[in-house]
Each structure stands twice: as C-alpha cells, then as structure tokens.
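See below for the structure under consideration.
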Amino acid sequence: MRPLTEEETKTVFEKLANYIGKNLVHLIDRPEDPHVFRLHKDKVYYVSENTMRLSISISRPNLVSLGTCFGKFSKTGKFRLHITCLDHLVQYARYKVWIKPNGELPFLYGNHVVKAHLGRITDDTPEHAGVVVLSMAGVGLGFGVTARSTADTRKLDPTSIIVFHQADVGEYLRDEDTLF
Amino acid sequence: TAVQQGETPLTFDLGLLASFDPNPIDSKAYSQDLESYLKQRSRNATQALINNIFNLKVTRDIDHGPLATLPAIQTRLPREKPLPKPKPLTKWEKFAKIKGIQNKKKDKMVFDEDTQTWVPSWGYKGANKKVEDQWIHVVKAGAEDDYSPAKAAAKERKDRKLKNEAQRLKNLARANQAETKSSSASGLGDGKSQSGALGSGSASQVAKAAARQKRKAELEADVLRSRASTASMGKFDKRLEGEGKAKGIKRKFDPLEQDTGAERQASMALLSKLGTGPGGLKKKANSVGQGDSELVNTRKAVKFASGGSGGVALGRKQAQGASGAK
C-alpha cells in the first residue's frame, strides 16, 4: 500500500471528474472523517484516515482490500473505474439518467441503454459525458457515457443507444473474483 | 671528577643516557673563549651523568663485566617515522559506510543444535564442514550416478575461499592503482625531478583513463536506451545472458505515514490545476473550426443536414435553391 504519485493522482482525478466534476472536492476534502486515496496491487482504494492508519501494520501479501475500491490501473497506466465506487458517484454525480423499470434488466445484463428505456435525463448533459444510471426510484444501477447530448436525444428514434454501458450492479455477480 | 651544580640542578634521563643542564650561559666567559667554556660545561654535565650511572644497581656479568640496568625512558620523544596514511577503503567498506552497516563480531564457538554442544564455527572439526562430513546424504531425484554430495559441498567451500582471495587481491590492486594515480598526478607538479618520459607517460595515462571512463559511461547509457526501445519499453523482455539488472533505477514513493493534511493540500492544488476545483469544470477547446462542443456539434449537424453528402454539396444545393427561388 502506498500513496498515489502525482501522475497517478492526476489520472484518477481526471477520470472521476468526468462523472462528478466539481464535487470531487467533497471526496478529497471532508472536514469530518477525512478520507485518502491509497494504491495497493494496482488498485486504488478510497479509505478513511483512521482505517488507513490501522491497515499500515498489515503486511502487503496479507492485505486484501481496504475501504472502497474505486478502480484499478492497467499495466500501461490507464485507470478504469469499477462498479464498487457507485455509491460515491451517485452521491455527487453531475449528470444522471433514470431508466424505466422495463429497461433495468437489460442494462444490468450489460447492454447499452436505448432511448426506449429512458425515463429521465438531466437537462444540459453534453455528448460523451460521464453519467450515472439510476432506476426510477433513485437507486444507483451503474454508470456509463452518453452517446448524444440531451438535445440530440430528443430527436432520436427509440431503438438508438443513448448511454454506453460501462459498469452495472450486475457485475457484482459476474466479476466477483476481480472486483476487490 | 667534580661536579658543579649551578643555580638549577641538573636533570637526568638515565634511560636515554642524557643529562640536561638548564643553567643560563655566562655571557662573559662565552664571549672570551667560546670553546673552552662550552667544553667545561659539557664536561660537567657528562661527569654528573657518569656519576649517576655508577649509582645505579649493578649486576656482575661474567663475559661483559659490571652491568647497570638503566631505568625506563622518561622524556617523551617525538615520532621517529611519519603517521601512516589511512588505507583506502575496500569495496565492501565503502558500501557499508554509505548504508550504515555495522560490523557484527562473530564468535569462534557456535552452539550446534544437533549435538547440543559448542563447536568451533571454522577450523579443525568446524561447523562449516558439517555437510561434507555427514555420513549420509539425501540426493535429489534428478542427480547423475556419480554425484557426490560431500565432494560438491567441499567444492563449494573451496570456491568460496578462492572467491574471497580473488576479491582481496582486487581490493589490493584497486588500492595500488589509486596510490599510483594520485602519486603520478602529484608527480606532474615537480617534473624536473622525474625523467621526461615518465612525466609525459603519467599525463597520457591520466588522460587515457579519463577517456576510458567516459566511453564506458556512454556505452552503459546506450545499452540502457536500447533495452527500453522495444514495444513494451523493456518491461516484459527476456534479459540477455551478459546483461545484469539495470542499476540505480528504483522509484521512490511517498512514505505511508506522512501528514495527510499536506497530502490533501497537494490534491487540492492538483484539482485547481486540472480545472475541476472551485474554479469550475473547463472542457477542452475543440480544434479549429469545430466550435464550442457544448452547444452544437457542427460536423454532425452538417452531416445530418446534408443527408450525408457533405458541406460543399449542401452549400451548392442552397445556392441552387436560392437562385431557383429567385
């Protein structure tokens, strides 16, 4: 376990800013219960300071996971967000997409969101923006990238894709070996 | 045989067979007749010395006659030879100094768990020969028929001995080379005392050594660069036989137990640099001609409006339509 280097922090922040934008400040700077980012075996963990200090005494081969795993770095240094950070994303997301009940299951199986399943979308969503997918009840289902901006979405036909799937809650079952 | 004691009595160091006369010189007698005055003073002191020697404890010796045992030397004499030069540090000593490794003293006797006795760790019946002296050995499955574990262990020990000897000789050679280099460098200064050929030889030697070092550094840099010029930047390539690990390339990370406040400040600074701080999210400006990506994607708009035929066709159609309407 080690703190992130300058380069790595920049990569992670850029990725997160895609989804939560300015609210990234709330993740970094929490006056009560401050949290930090730590890297362990190429995975980035978001953990409270107390927990982090406790976990210092666990040796590296024995340490499995700590706090919330936000994602992992690939061998070439690219950062990929995992579904495990969904709770934090939903809290601070800038652009949200609500999908109808009949569209929940296809999304949870890993398919992209089509316009037919779209319930609501935040107004000024640009194209190719990071977006959090919620059910109509407001429960986080996953996140993705918009295919078109909100204005363009209105003109599309119902079978066209509006949100590219990136991660969904079904991955907890599909990828449970590699998530943590 | 008389001894004159002046104002200050004479002091003796019988171990050195010396007598000291600290009385001042009588300037009148000195200026009158220098030789005889000095002779008189020294005769005086010598007589006193002889008297004192004969006062010592005498032993009768058959061959040499009476012998007096002189007492220990009392005066502190200055150094006869100059201070020894500090020996140049060996390769290991240099490394240990940098790392701060202390020398751990090893005891000769070592407690052997198997026999529960103290055995010497080396030498006659030493513990370092335990493997060789075993009466039975466990041999690995894939060994040849004439594999002798005792001989193999003995060979290992001998190799270690030879390696140690070789390293000791290398240390000596390095020390000698350093000595001759420094002496030759200093010898350049007083070229008159040395012959002309020797003087020029050491100058060219120094220059050659410098050029050799530079070339060696260049070669190492080239090797490192060529190692990294593969598709995976040298990370997943098989290492060749002659090459060693790349030295000195070790990343340094922040310590774990650092002040999180400082860490947070650095993150905030990074955030503001990225533009996602309190300043607000700034999107990357598109390339020239694309306009503000927030409002309209002109490329896609043109594609849609022209039905796929492109902007030029669209302009042409519009011009036709305008002229047609007219």
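Residues are referred to by chain and number: the chain letter is A, B, ... according to the order shown in the structure tokens, the number counts from 1 in that chain, and ligands are numbered separately from 1 in the order shown.
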
- Message: Please check the contacts: residues of chain A at most 10 Å away from chain B, using only C-alpha atoms, listed as a PyMOL selection string.
- Response: chain A and resi 1-6+9-10+13-14+17-18+20-25+28-30+34-38+49+52-53+56+76+124-127+149+151-152

- Message: Quick check for you: according to DSSP on this backbone, which residues of chain A are classed as strand (DSSP E or B)? Reply as number ranges by chain.
- Response: A: 2, 35-40, 43-48, 68-73, 79-81, 96-99, 113-114, 118-121, 130-135, 140-146, 161-168

- Task: Have a look at atom CA of B:Gly126 and atom CA of B:Arg157 and let me know their distance in Å, one decimal.
- Result: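 It comes out at 12.4 Å.
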
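Taking only C-alpha atoms, the non-local environment of A:Lys43 within 9 Å (same-chain residues fewer than 4 positions away omitted) comprises Arg38, Leu39, Ser65, Cys69, Phe70, Gly71, Lys72, Phe73 and Phe180 of chain A.
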
The selected residues should be written to file as an mmCIF file, in the first residue's frame (atoms: all heavy atoms).
data_model
loop_
_atom_site.group_PDB
_atom_site.id
_atom_site.type_symbol
_atom_site.label_atom_id
_atom_site.label_comp_id
_atom_site.auth_asym_id
_atom_site.auth_seq_id
_atom_site.Cartn_x
_atom_site.Cartn_y
_atom_site.Cartn_z
ATOM 1 N N ARG A 38 -5.392 5.436 -1.587
ATOM 2 C CA ARG A 38 -4.187 4.637 -1.444
ATOM 3 C C ARG A 38 -4.139 3.625 -2.575
ATOM 4 O O ARG A 38 -5.166 3.184 -3.087
ATOM 5 C CB ARG A 38 -4.156 3.900 -0.085
ATOM 6 C CG ARG A 38 -3.842 4.796 1.083
ATOM 7 C CD ARG A 38 -2.422 5.268 1.036
ATOM 8 N NE ARG A 38 -2.072 6.149 2.117
ATOM 9 C CZ ARG A 38 -2.104 7.484 2.062
ATOM 10 N NH1 ARG A 38 -2.524 8.062 0.971
ATOM 11 N NH2 ARG A 38 -1.732 8.202 3.085
ATOM 12 N N LEU A 39 -2.910 3.235 -2.951
ATOM 13 C CA LEU A 39 -2.740 2.275 -4.035
ATOM 14 C C LEU A 39 -2.197 0.970 -3.469
ATOM 15 O O LEU A 39 -1.238 0.973 -2.710
ATOM 16 C CB LEU A 39 -1.746 2.828 -5.054
ATOM 17 C CG LEU A 39 -1.668 2.037 -6.338
ATOM 18 C CD1 LEU A 39 -2.705 2.549 -7.274
ATOM 19 C CD2 LEU A 39 -0.313 2.173 -6.979
ATOM 20 N N SER A 65 -7.890 -5.923 0.911
ATOM 21 C CA SER A 65 -8.612 -4.755 0.448
ATOM 22 C C SER A 65 -8.806 -3.822 1.626
ATOM 23 O O SER A 65 -8.751 -4.246 2.777
ATOM 24 C CB SER A 65 -9.956 -5.188 -0.143
ATOM 25 O OG SER A 65 -10.758 -4.066 -0.381
ATOM 26 N N CYS A 69 -12.867 0.143 -3.025
ATOM 27 C CA CYS A 69 -12.006 0.064 -4.206
ATOM 28 C C CYS A 69 -12.648 0.916 -5.298
ATOM 29 O O CYS A 69 -13.757 0.629 -5.747
ATOM 30 C CB CYS A 69 -11.872 -1.388 -4.661
ATOM 31 S SG CYS A 69 -10.980 -1.539 -6.197
ATOM 32 N N PHE A 70 -11.953 1.940 -5.758
ATOM 33 C CA PHE A 70 -12.527 2.809 -6.781
ATOM 34 C C PHE A 70 -12.257 2.267 -8.168
ATOM 35 O O PHE A 70 -13.048 2.476 -9.076
ATOM 36 C CB PHE A 70 -11.934 4.221 -6.663
ATOM 37 C CG PHE A 70 -12.830 5.180 -5.929
ATOM 38 C CD1 PHE A 70 -13.571 4.764 -4.838
ATOM 39 C CD2 PHE A 70 -12.948 6.483 -6.344
ATOM 40 C CE1 PHE A 70 -14.393 5.643 -4.163
ATOM 41 C CE2 PHE A 70 -13.766 7.372 -5.676
ATOM 42 C CZ PHE A 70 -14.498 6.951 -4.583
ATOM 43 N N GLY A 71 -11.126 1.617 -8.343
ATOM 44 C CA GLY A 71 -10.811 1.100 -9.671
ATOM 45 C C GLY A 71 -9.390 0.588 -9.669
ATOM 46 O O GLY A 71 -8.749 0.524 -8.632
ATOM 47 N N LYS A 72 -8.919 0.215 -10.837
ATOM 48 C CA LYS A 72 -7.543 -0.272 -10.905
ATOM 49 C C LYS A 72 -6.816 0.321 -12.102
ATOM 50 O O LYS A 72 -7.418 0.745 -13.083
ATOM 51 C CB LYS A 72 -7.518 -1.800 -10.950
ATOM 52 C CG LYS A 72 -8.007 -2.406 -12.219
ATOM 53 C CD LYS A 72 -8.054 -3.915 -12.076
ATOM 54 C CE LYS A 72 -6.720 -4.497 -12.468
ATOM 55 N NZ LYS A 72 -6.766 -5.939 -12.621
ATOM 56 N N PHE A 73 -5.501 0.315 -11.956
ATOM 57 C CA PHE A 73 -4.634 0.780 -13.032
ATOM 58 C C PHE A 73 -4.251 -0.396 -13.903
ATOM 59 O O PHE A 73 -3.909 -1.459 -13.403
ATOM 60 C CB PHE A 73 -3.353 1.391 -12.459
ATOM 61 C CG PHE A 73 -3.500 2.824 -12.071
ATOM 62 C CD1 PHE A 73 -3.731 3.172 -10.760
ATOM 63 C CD2 PHE A 73 -3.401 3.821 -13.010
ATOM 64 C CE1 PHE A 73 -3.867 4.492 -10.392
ATOM 65 C CE2 PHE A 73 -3.534 5.154 -12.655
ATOM 66 C CZ PHE A 73 -3.773 5.482 -11.337
ATOM 67 N N PHE A 180 -12.582 -6.828 -6.055
ATOM 68 C CA PHE A 180 -11.893 -6.264 -4.901
ATOM 69 C C PHE A 180 -10.415 -6.572 -4.974
ATOM 70 O O PHE A 180 -9.692 -6.447 -4.088
ATOM 71 C CB PHE A 180 -12.496 -6.808 -3.597
ATOM 72 C CG PHE A 180 -13.965 -6.519 -3.468
ATOM 73 C CD1 PHE A 180 -14.881 -7.509 -3.716
ATOM 74 C CD2 PHE A 180 -14.413 -5.261 -3.142
ATOM 75 C CE1 PHE A 180 -16.245 -7.240 -3.619
ATOM 76 C CE2 PHE A 180 -15.780 -4.999 -3.038
ATOM 77 C CZ PHE A 180 -16.689 -5.984 -3.281
#

- Task: Excluding A:Cys85 and residues on its chain fewer than 5 positions from it, collect all residues at most 12 Å away from it, counting only C-alpha atoms, and give them as an MDAnalysis selection string.
- Result: chainID A and resid 16 19:20 27 44:47 67:72 80 90:93 132 140:143 167:169 172 179:180

- Message: Applying 12 Å and only C-alpha atoms, which residues near B:Leu70 remain after dropping the ones on its own chain fewer than 5 positions away? List them as number ranges by chain.
- Response: B: 12-18, 52-59
